[in-house]
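Undergrad: What follows is protein_20.txt, compact mmCIF, C-alpha atoms.
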```
# COMPACT_ATOMS: atom_id res chain seq x y z
CA MET A 18 -22.62 61.21 106.23
CA SER A 19 -19.72 63.27 104.83
CA SER A 20 -17.89 63.01 108.15
CA ARG A 21 -17.98 59.20 108.01
CA ILE A 22 -16.64 59.29 104.43
CA LEU A 23 -13.72 61.52 105.41
CA GLN A 24 -12.74 59.17 108.24
CA THR A 25 -12.71 56.08 106.04
CA LYS A 26 -9.31 54.44 105.61
CA PHE A 27 -8.47 52.83 102.27
CA PRO A 28 -5.65 50.36 101.61
CA GLY A 29 -2.83 52.07 99.74
CA VAL A 30 -4.10 55.61 100.42
CA VAL A 31 -1.75 57.98 102.29
CA ASP A 32 -2.55 61.16 104.19
CA GLY A 33 -1.44 64.33 102.42
CA PHE A 34 1.97 65.41 101.14
CA ILE A 35 3.87 64.04 104.13
CA GLY A 36 2.22 60.64 103.85
CA ALA A 37 3.47 60.37 100.27
CA ILE A 38 7.16 60.73 101.21
CA GLY A 39 9.27 57.59 100.90
CA ARG A 40 8.66 54.01 99.75
CA THR A 41 10.30 54.85 96.42
CA PRO A 42 11.19 52.10 93.91
CA LEU A 43 14.62 50.52 93.64
CA ILE A 44 15.45 50.38 89.93
CA ARG A 45 17.81 47.82 88.41
CA LEU A 46 19.86 49.62 85.75
CA GLU A 47 19.91 46.92 83.09
CA SER A 48 22.74 48.04 80.80
CA LEU A 49 25.13 48.82 83.65
CA SER A 50 24.27 45.63 85.51
CA LYS A 51 25.11 43.57 82.43
CA GLU A 52 28.30 45.53 81.83
CA THR A 53 29.64 45.08 85.38
CA GLY A 54 28.26 41.65 86.20
CA CYS A 55 26.73 43.18 89.33
CA ASN A 56 23.25 44.29 90.24
CA ILE A 57 23.41 48.09 89.94
CA LEU A 58 20.34 49.28 91.82
CA ALA A 59 19.24 52.91 92.12
CA LYS A 60 16.71 54.32 94.59
CA ALA A 61 14.28 56.48 92.61
CA GLU A 62 14.08 59.40 95.04
CA PHE A 63 12.77 61.67 92.28
CA GLN A 64 9.43 59.92 92.91
CA ASN A 65 9.01 61.64 96.27
CA PRO A 66 6.15 64.18 96.12
CA GLY A 67 8.50 67.18 96.15
CA GLY A 68 10.66 65.56 93.50
CA SER A 69 13.82 64.71 95.44
CA VAL A 70 15.51 62.74 98.20
CA LYS A 71 15.45 65.90 100.33
CA ASP A 72 11.73 65.55 101.11
CA ARG A 73 12.70 63.00 103.76
CA ALA A 74 15.13 65.27 105.59
CA ALA A 75 12.87 68.30 105.21
CA TYR A 76 10.05 66.54 107.02
CA TYR A 77 12.28 65.25 109.80
CA VAL A 78 13.93 68.60 110.59
CA VAL A 79 10.52 70.31 110.77
CA ARG A 80 9.07 67.49 112.85
CA ASN A 81 12.08 67.70 115.17
CA ALA A 82 11.50 71.45 115.68
CA GLU A 83 7.82 70.81 116.42
CA MET A 84 8.65 68.07 118.93
CA ASN A 85 11.25 70.29 120.63
CA GLY A 86 8.73 73.13 120.91
CA THR A 87 10.94 75.54 118.97
CA LEU A 88 8.37 75.86 116.17
CA ARG A 89 4.71 76.58 116.73
CA ARG A 90 1.72 76.96 114.43
CA GLY A 91 2.02 80.06 112.26
CA GLY A 92 5.81 80.20 112.66
CA THR A 93 8.59 80.49 110.10
CA VAL A 94 10.93 77.83 108.76
CA VAL A 95 14.30 79.23 107.64
CA GLU A 96 17.02 77.29 105.86
CA GLY A 97 20.18 77.69 103.83
CA THR A 98 19.96 75.32 100.89
CA ALA A 99 21.16 74.78 97.34
CA GLY A 100 17.58 74.03 96.34
CA ASN A 101 16.05 70.61 96.92
CA THR A 102 15.82 70.78 100.72
CA GLY A 103 14.24 74.20 100.28
CA ILE A 104 11.66 72.77 97.89
CA GLY A 105 10.82 70.00 100.36
CA LEU A 106 10.61 72.53 103.21
CA ALA A 107 8.40 74.86 101.16
CA HIS A 108 5.93 72.02 100.52
CA ILE A 109 5.90 70.94 104.16
CA ALA A 110 5.62 74.53 105.41
CA ARG A 111 2.46 74.98 103.35
CA ALA A 112 1.08 71.65 104.54
CA ARG A 113 1.79 72.49 108.21
CA GLY A 114 0.85 76.17 108.19
CA TYR A 115 4.28 77.85 108.31
CA ARG A 116 6.04 80.58 106.38
CA CYS A 117 9.21 79.52 104.59
CA VAL A 118 12.35 81.59 104.03
CA ILE A 119 15.24 80.24 101.97
CA TYR A 120 18.81 81.53 101.57
CA MET A 121 20.76 79.94 98.74
CA PRO A 122 23.95 80.48 96.72
CA ASN A 123 23.29 82.58 93.62
CA THR A 124 25.12 79.93 91.56
CA GLN A 125 22.07 77.66 91.56
CA SER A 126 19.78 77.24 88.57
CA GLN A 127 17.05 79.84 88.04
CA ASN A 128 14.54 77.01 87.81
CA LYS A 129 15.20 76.08 91.45
CA ILE A 130 14.76 79.68 92.57
CA ASP A 131 11.54 80.03 90.58
CA THR A 132 10.17 76.74 91.92
CA LEU A 133 10.72 77.87 95.51
CA ARG A 134 8.86 81.09 94.80
CA TYR A 135 6.02 79.20 93.10
CA LEU A 136 5.67 77.26 96.35
CA GLY A 137 5.29 80.45 98.38
CA ALA A 138 8.79 80.64 99.84
CA GLU A 139 10.64 83.92 100.27
CA VAL A 140 14.00 83.40 98.53
CA PHE A 141 17.28 85.24 99.07
CA PRO A 142 19.96 84.27 96.50
CA VAL A 143 23.27 85.47 97.96
CA PRO A 144 26.90 85.36 96.76
CA ALA A 145 28.51 81.94 97.11
CA VAL A 146 31.24 82.22 99.76
CA ALA A 147 33.00 79.71 102.01
CA TYR A 148 31.39 78.46 105.22
CA THR A 149 34.07 80.29 107.20
CA ASN A 150 32.78 83.61 105.80
CA PRO A 151 30.03 85.17 107.98
CA GLU A 152 28.13 86.00 104.77
CA ASN A 153 27.84 82.31 103.81
CA TYR A 154 24.19 81.53 103.03
CA ASN A 155 23.87 79.23 106.06
CA HIS A 156 24.98 81.94 108.50
CA GLN A 157 22.63 84.45 106.89
CA ALA A 158 19.76 81.97 107.30
CA ARG A 159 20.61 81.45 110.97
CA ARG A 160 20.72 85.20 111.65
CA HIS A 161 17.38 85.67 109.88
CA ALA A 162 15.73 83.03 112.09
CA GLU A 163 17.22 84.60 115.22
CA SER A 164 15.86 88.02 114.26
CA ILE A 165 12.15 87.11 114.22
CA PRO A 166 9.83 85.42 116.77
CA ASN A 167 8.56 81.84 116.41
CA ALA A 168 11.14 80.96 113.76
CA VAL A 169 13.55 78.08 113.44
CA TRP A 170 16.71 77.64 111.40
CA THR A 171 16.44 73.97 110.49
CA ASP A 172 20.23 73.69 110.04
CA GLN A 173 20.17 70.76 107.61
CA PHE A 174 23.98 70.37 107.53
CA ASP A 175 24.50 69.78 111.26
CA ASN A 176 21.02 68.80 112.45
CA VAL A 177 21.15 65.01 112.82
CA ALA A 178 17.38 64.77 112.37
CA ASN A 179 18.46 64.81 108.71
CA LEU A 180 20.56 61.68 109.21
CA GLN A 181 17.78 60.10 111.25
CA SER A 182 15.30 60.42 108.38
CA HIS A 183 17.42 58.07 106.28
CA TYR A 184 18.33 55.77 109.17
CA GLU A 185 14.62 55.26 109.89
CA THR A 186 13.22 55.22 106.34
CA THR A 187 15.59 55.02 103.35
CA GLY A 188 18.00 52.48 104.84
CA PRO A 189 15.25 50.07 105.95
CA GLU A 190 13.55 50.39 102.56
CA ILE A 191 16.78 49.41 100.76
CA TRP A 192 17.28 46.44 103.08
CA GLU A 193 13.71 45.24 102.57
CA GLN A 194 13.76 45.79 98.79
CA THR A 195 16.97 43.77 98.39
CA GLY A 196 15.95 41.10 100.86
CA GLY A 197 19.04 42.01 102.85
CA LYS A 198 21.29 40.98 99.95
CA VAL A 199 22.97 44.35 99.43
CA ASP A 200 26.78 44.25 99.33
CA GLY A 201 27.68 47.89 98.75
CA PHE A 202 26.24 51.37 99.07
CA THR A 203 27.60 54.58 97.60
CA CYS A 204 26.42 58.14 97.05
CA SER A 205 27.69 61.70 97.12
CA THR A 206 27.07 64.12 99.98
CA GLY A 207 25.98 67.68 100.46
CA THR A 208 24.74 67.79 104.04
CA GLY A 209 25.84 64.19 104.48
CA GLY A 210 22.46 63.10 105.86
CA THR A 211 21.56 60.64 103.10
CA PHE A 212 24.96 58.95 103.02
CA ALA A 213 25.35 58.87 106.81
CA GLY A 214 21.86 57.67 107.68
CA ILE A 215 21.79 54.87 105.10
CA THR A 216 25.36 53.81 105.89
CA LYS A 217 24.64 53.68 109.62
CA PHE A 218 21.55 51.52 109.11
CA LEU A 219 23.10 49.13 106.59
CA LYS A 220 26.27 48.70 108.65
CA GLU A 221 24.27 47.90 111.79
CA LYS A 222 21.76 45.63 110.04
CA SER A 223 24.44 43.65 108.20
CA GLU A 224 26.82 43.59 111.20
CA GLY A 225 29.40 45.47 109.13
CA ARG A 226 29.18 43.31 106.01
CA VAL A 227 27.89 46.05 103.66
CA SER A 228 30.66 48.22 102.22
CA SER A 229 30.10 51.98 102.07
CA PHE A 230 31.99 54.28 99.68
CA VAL A 231 31.52 58.05 99.73
CA ALA A 232 31.48 59.63 96.25
CA ASP A 233 32.81 63.14 95.69
CA PRO A 234 32.78 65.63 92.82
CA PRO A 235 35.75 67.87 91.98
CA GLY A 236 35.98 70.80 94.38
CA SER A 237 34.79 68.83 97.42
CA VAL A 238 36.96 68.03 100.42
CA LEU A 239 35.69 64.60 101.49
CA TYR A 240 37.73 62.44 99.10
CA SER A 241 41.07 64.00 100.04
CA HIS A 242 40.11 64.23 103.71
CA PHE A 243 39.40 60.51 103.84
CA LYS A 244 42.40 59.46 101.74
CA THR A 245 44.87 61.52 103.79
CA LYS A 246 43.20 60.83 107.17
CA GLY A 247 42.45 64.53 107.50
CA GLU A 248 46.05 65.63 107.08
CA LYS A 249 45.78 67.20 103.60
CA PRO A 250 42.16 68.12 102.87
CA ASP A 251 41.88 69.66 99.42
CA ASN A 252 38.79 71.21 97.88
CA SER A 253 40.43 72.78 94.85
CA GLY A 254 38.55 72.64 91.57
CA SER A 255 34.86 72.90 90.73
CA SER A 256 32.02 70.84 89.29
CA PHE A 257 28.93 71.31 87.13
CA THR A 258 26.92 69.27 89.66
CA GLU A 259 24.62 71.10 92.07
CA GLY A 260 23.74 70.43 95.70
CA ILE A 261 26.64 68.07 96.43
CA GLY A 262 30.24 68.48 97.53
CA GLN A 263 31.41 69.99 100.80
CA GLY A 264 34.26 72.01 102.21
CA ARG A 265 34.02 70.54 105.73
CA ILE A 266 32.90 67.50 107.69
CA THR A 267 29.30 68.32 108.61
CA GLY A 268 27.55 67.30 111.81
CA ASN A 269 25.64 64.65 109.90
CA MET A 270 28.86 63.13 108.56
CA GLN A 271 30.82 63.25 111.81
CA SER A 272 28.87 60.50 113.56
CA THR A 273 29.40 57.96 110.78
CA TYR A 274 32.71 59.12 109.29
CA GLY A 275 34.45 56.13 110.82
CA LEU A 276 32.12 53.75 108.96
CA ILE A 277 33.37 54.82 105.51
CA ASP A 278 35.25 52.01 103.76
CA ASP A 279 36.59 54.03 100.83
CA ALA A 280 36.16 57.27 98.88
CA LEU A 281 35.77 57.84 95.15
CA ARG A 282 36.45 61.08 93.27
CA ILE A 283 34.24 61.18 90.18
CA PRO A 284 35.36 63.45 87.29
CA ASP A 285 32.73 65.68 85.69
CA GLU A 286 33.46 64.09 82.31
CA LEU A 287 32.17 60.73 83.55
CA SER A 288 29.13 62.21 85.29
CA ILE A 289 27.97 64.22 82.26
CA ASN A 290 28.33 61.28 79.87
CA MET A 291 26.42 59.04 82.28
CA LEU A 292 23.60 61.57 82.25
CA TYR A 293 23.04 61.12 78.53
CA ARG A 294 23.79 57.40 78.61
CA LEU A 295 21.04 56.74 81.17
CA LEU A 296 18.63 58.76 79.08
CA ASP A 297 19.72 56.98 75.90
CA GLU A 298 19.78 53.40 77.22
CA GLU A 299 17.42 53.38 80.20
CA GLY A 300 15.05 56.26 79.41
CA ILE A 301 15.77 57.84 82.81
CA PHE A 302 16.08 61.64 82.99
CA LEU A 303 18.38 62.71 85.84
CA GLY A 304 20.43 65.59 87.19
CA GLY A 305 24.20 65.63 87.59
CA SER A 306 24.35 64.55 91.24
CA SER A 307 22.32 61.44 90.43
CA THR A 308 24.51 60.49 87.49
CA LEU A 309 27.65 61.02 89.57
CA ASN A 310 26.15 58.53 92.04
CA VAL A 311 25.57 56.02 89.24
CA VAL A 312 29.17 56.38 88.03
CA ALA A 313 30.28 55.76 91.62
CA ALA A 314 28.14 52.60 91.77
CA VAL A 315 29.83 51.32 88.60
CA GLU A 316 33.27 52.10 90.04
CA MET A 317 32.35 50.36 93.28
CA ALA A 318 31.20 47.31 91.32
CA LYS A 319 34.59 47.15 89.62
CA ILE A 320 36.34 47.23 93.00
CA LEU A 321 34.10 44.69 94.76
CA GLY A 322 33.95 42.38 91.74
CA PRO A 323 31.19 40.54 89.82
CA GLY A 324 28.12 39.08 91.48
CA LYS A 325 27.67 41.89 94.01
CA THR A 326 24.62 44.06 94.60
CA ILE A 327 25.42 47.78 94.68
CA VAL A 328 22.86 50.43 95.67
CA THR A 329 22.98 54.16 95.01
CA ILE A 330 20.64 57.16 95.09
CA LEU A 331 18.90 58.97 92.22
CA CYS A 332 18.55 62.29 94.04
CA ASP A 333 16.17 64.03 91.63
CA SER A 334 15.20 64.28 87.98
CA GLY A 335 16.88 66.41 85.33
CA HIS A 336 14.03 68.89 84.90
CA LYS A 337 15.47 71.62 87.13
CA TYR A 338 18.80 71.52 85.30
CA ALA A 339 17.72 71.00 81.69
CA THR A 340 18.36 74.56 80.48
CA ARG A 341 22.00 74.09 81.49
CA LEU A 342 22.76 70.43 80.87
CA PHE A 343 21.27 70.40 77.38
CA SER A 344 22.84 73.73 76.39
CA ARG A 345 25.95 73.76 74.22
CA SER A 346 27.04 77.18 75.50
CA PHE A 347 26.79 76.07 79.15
CA LEU A 348 28.71 72.87 78.48
CA GLU A 349 31.39 74.71 76.53
CA ALA A 350 31.76 77.23 79.36
CA LYS A 351 32.33 74.33 81.75
CA GLY A 352 34.84 72.72 79.38
CA LEU A 353 32.62 69.66 79.00
CA TYR A 354 31.15 69.82 75.50
CA HIS A 355 34.13 68.20 73.77
CA ALA A 356 34.24 65.47 76.46
CA ILE A 357 30.77 64.26 75.50
CA GLU A 358 30.83 61.06 73.49
CA PRO A 359 29.66 61.57 69.86
CA GLN A 360 26.56 59.36 70.17
CA TYR A 361 25.22 61.56 72.97
CA LYS A 362 25.67 64.96 71.33
CA LYS A 363 22.24 64.60 69.74
CA TYR A 364 20.82 65.50 73.16
CA ILE A 365 22.49 68.92 73.23
CA VAL A 366 19.49 70.67 71.70
CA LEU A 367 19.78 74.13 73.30
CA PRO A 368 22.17 76.85 72.12
```
Please rewrite the model in this file as structure tokens.

TA:
Amino acid sequence: MSSRILQTKFPGVVDGFIGAIGRTPLIRLESLSKETGCNILAKAEFQNPGGSVKDRAAYYVVRNAEMNGTLRRGGTVVEGTAGNTGIGLAHIARARGYRCVIYMPNTQSQNKIDTLRYLGAEVFPVPAVAYTNPENYNHQARRHAESIPNAVWTDQFDNVANLQSHYETTGPEIWEQTGGKVDGFTCSTGTGGTFAGITKFLKEKSEGRVSSFVADPPGSVLYSHFKTKGEKPDNSGSSFTEGIGQGRITGNMQSTYGLIDDALRIPDELSINMLYRLLDEEGIFLGGSSTLNVVAAVEMAKILGPGKTIVTILCDSGHKYATRLFSRSFLEAKGLYHAIEPQYKKYIVLP
């Protein structure tokens, strides 16, 4: 009797953590849509079961390793990550019976590190150094995987299974949710998988009609690389945002780099004010990378003109960053407190 119950399929019921990934809502941001005369639509990736857009890529890179035979039951998943991919991998590792080891820059929020450990991952916060340095967290992750049997370095930055997850799921969802009436797509990049996979799908599906703008924070190379055609790449500066920005063209970005229509550099001052504005006007609680994406969508709307439909990505919620982004001392240290508009300072409730 119990066996028959367990085998029953119910409409709307998914199987486990992995079955719950994707099919996230596309939210129309009312105040910004009215302001720009465009539909500003944001994909609510914080509604994935692990809390971020990275659940999609995490599943695909593990699935790819399983299909290739490089990861077997009881093995170890190793990755270098600023946090959200690691959280997705930690969930999937538990669901699939693997150990999980994460290397990450020690500049990331303590909440991310703690969350990974809550999920059973072994975490190594290491000094943040350039990719060209052999002690970069990605190289340390690769060496760790090579040093133990039945382990795989999932290599999220250059493993195009990351891109494929968005080409096969996120892109088609956006197309279906807009009825194919999307005019522009923009988001920031870390690994480049989200931007590249969605761009590739939308460009192909629309036969090139959909415009795609890459958004970049200060301290990332992509904006200058695109604007100077690779002649004067510049990653000087820094940003309060986490998990986005890049000092090189990753493997995921290489295959679709030629599909980029334009690049936007988004100042921290705009991203931080958008964080509080979305909370104040829309009731949506986001992290800095998500609000940078929303600023980029507004800027794209201004360039394309009224009547367009612009889509961007809400990468995750603000919960992992709250002790920083609602702290006066943190904001002052970043030189951002005095840039916050007066009506939003009521949200700075931590010392």

Undergrad: So that I can check the surroundings of His161 (chain A), please list as a ChimeraX atom specification every protein, DNA and RNA residue that reaches within 12 Å of it, counting all atoms listed in the file and ignoring chain neighbours fewer than 4 positions away.

TA: /A:93-97,117-120,139,141,152,154-157,165-171

Undergrad: Within 7 Å of region 353-364 of chain A, which residues of region 265-303 of chain A come that close, and what is the closest atom pair and distance in Å for each? Count all atoms listed in the file and give it as a Markdown table.

TA:
```
| residue | atom | partner | partner_atom | distance |
| --- | --- | --- | --- | --- |
| A:Glu286 | CA | A:Ala356 | CA | 6.1 |
| A:Asn290 | CA | A:Ile357 | CA | 5.8 |
| A:Tyr293 | CA | A:Tyr361 | CA | 6.0 |
```

Undergrad: Do you have, as a tab-separated table, the list of residues of region 253-309 of chain A lying at most 8 Å from region 324-340 of chain A, each with its nearest atom pair and that distance in Å to one decimal, counting all atoms listed in the file and ordered by chain then number?

TA:
```
residue	atom	partner	partner_atom	distance
A:Phe302	CA	A:Gly335	CA	5.4
A:Leu303	CA	A:Gly335	CA	4.0
A:Gly304	CA	A:Gly335	CA	4.1
A:Gly305	CA	A:Gly335	CA	7.7
A:Ser306	CA	A:Cys332	CA	6.8
A:Ser307	CA	A:Leu331	CA	4.6
A:Thr308	CA	A:Leu331	CA	7.5
```

Undergrad: Could you check how far CA of Asp279 (chain A) sits from CA of Lys198 (chain A), in Å to one decimal?

TA: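 Value for the CA of Asp279 (chain A)-CA of Lys198 (chain A) distance: 20.1 Å.
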
Undergrad: Nearest to Val78 (chain A): which of A:Leu180, A:Ile38, A:Ala145, A:Val31 is it, counting all atoms listed in the file?

TA: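 Closest candidate: A:Leu180.
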
Undergrad: Tell me, as a PyMOL selection string, which residues lie within 12 Å of Lys60 (chain A), counting only C-alpha atoms; anything in the same chain fewer than 4 positions away does not count.

TA: chain A and resi 39-46+64-65+69-70+187-188+190-192+194-195+202-204+211+215+307+310-311+314+327-333

Undergrad: Env of Asn123 (chain A): 12 Å cut, atoms = only C-alpha atoms, seq-sep filter 5 positions within chain, self excluded. Answer as an NGL selection string.

TA: :A and (97-100 or 128-130 or 140-146 or 153-154 or 259)

Undergrad: Mind listing whatever residues come within 9 Å of the point (38.9, 60.5, 96.7)? Use only C-alpha atoms, file coordinates, and give them as a list in words.

TA: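 Residues satisfying the cut-off, written out: Val231, Ala232, Asp233, Pro234, Val238, Leu239, Tyr240, Ser241, His242, Phe243, Lys244, Asp279, Ala280, Leu281, Arg282 and Ile283 of chain A.
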
Undergrad: Can I get the selection written as a short mmCIF file (atom, residue, chain, number, x, y, z; two decimals), in the frame of the given file, with C-alpha atoms?

TA:
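What follows is the written file result02.cif:
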```cif
data_model
loop_
_atom_site.label_atom_id
_atom_site.label_comp_id
_atom_site.auth_asym_id
_atom_site.auth_seq_id
_atom_site.Cartn_x
_atom_site.Cartn_y
_atom_site.Cartn_z
CA VAL A 231 31.52 58.05 99.73
CA ALA A 232 31.48 59.63 96.25
CA ASP A 233 32.81 63.14 95.69
CA PRO A 234 32.78 65.63 92.82
CA VAL A 238 36.96 68.03 100.42
CA LEU A 239 35.69 64.60 101.49
CA TYR A 240 37.73 62.44 99.10
CA SER A 241 41.07 64.00 100.04
CA HIS A 242 40.11 64.23 103.71
CA PHE A 243 39.40 60.51 103.84
CA LYS A 244 42.40 59.46 101.74
CA ASP A 279 36.59 54.03 100.83
CA ALA A 280 36.16 57.27 98.88
CA LEU A 281 35.77 57.84 95.15
CA ARG A 282 36.45 61.08 93.27
CA ILE A 283 34.24 61.18 90.18
#
```

Undergrad: Considering all atoms listed in the file, state which residue in the set A:Pro323, A:Gly268, A:Gly275, A:Gly114 is at the smallest distance from Lys246 (chain A).

TA: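 For Lys246 (chain A), the nearest of the given residues is A:Gly275.
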
Undergrad: Fewer than 6 positions away in the same chain doesn't count, so skip those; otherwise give me all residues within 7 Å of Ile365 (chain A), counting all atoms listed in the file, as a PyMOL selection string.

TA: chain A and resi 343-345

Undergrad: Keeping only C-alpha atoms, write those residues as a JSON list (two decimals), in the frame of the given file.

TA:
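Saved the output as again-v4.json:
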```json
[["chain", "number", "residue", "atom", "x", "y", "z"],
["A", 343, "PHE", "CA", 21.27, 70.40, 77.38],
["A", 344, "SER", "CA", 22.84, 73.73, 76.39],
["A", 345, "ARG", "CA", 25.95, 73.76, 74.22]]
```

Undergrad: Any idea what the distance is between CA of Leu49 (chain A) and CA of Val315 (chain A)?

TA: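 One can read the CA of Leu49 (chain A) to CA of Val315 (chain A) distance as 7.3 Å.
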
Undergrad: Which one is closest to Gly201 (chain A): A:Glu349, A:Glu52, A:Asp278, A:Glu47? Count all atoms listed in the file.

TA: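 Using all atoms listed in the file, Gly201 (chain A) sits closest to A:Asp278.
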
Undergrad: Select all residues near (41.2, 75.0, 98.5) (cut-off 9 Å, inclusive, file coordinates), counting only C-alpha atoms, and output them as a PyMOL selection string.

TA: chain A and resi 236-238+250-254+264

Undergrad: Within 6 Å of Asn269 (chain A), counting only C-alpha atoms, which residues qualify if same-chain residues fewer than 2 places away don't, as a ChimeraX atom specification?

TA: /A:175,177,180,209-210,267,271

Undergrad: Report, in Å with one decimal, the straight-line distance from CA of Gln127 (chain A) to CA of Gly103 (chain A).

TA: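 CA of Gly103 (chain A) lies at a distance of 13.8 Å from CA of Gln127 (chain A).
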
Undergrad: Between A:Ala107, A:Leu309, A:Met121, A:Ala158, which residue has the minimum interatomic distance to Gly137 (chain A), considering all atoms listed in the file?

TA: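 Residue with the minimum atom-to-atom distance to Gly137 (chain A): A:Ala107.
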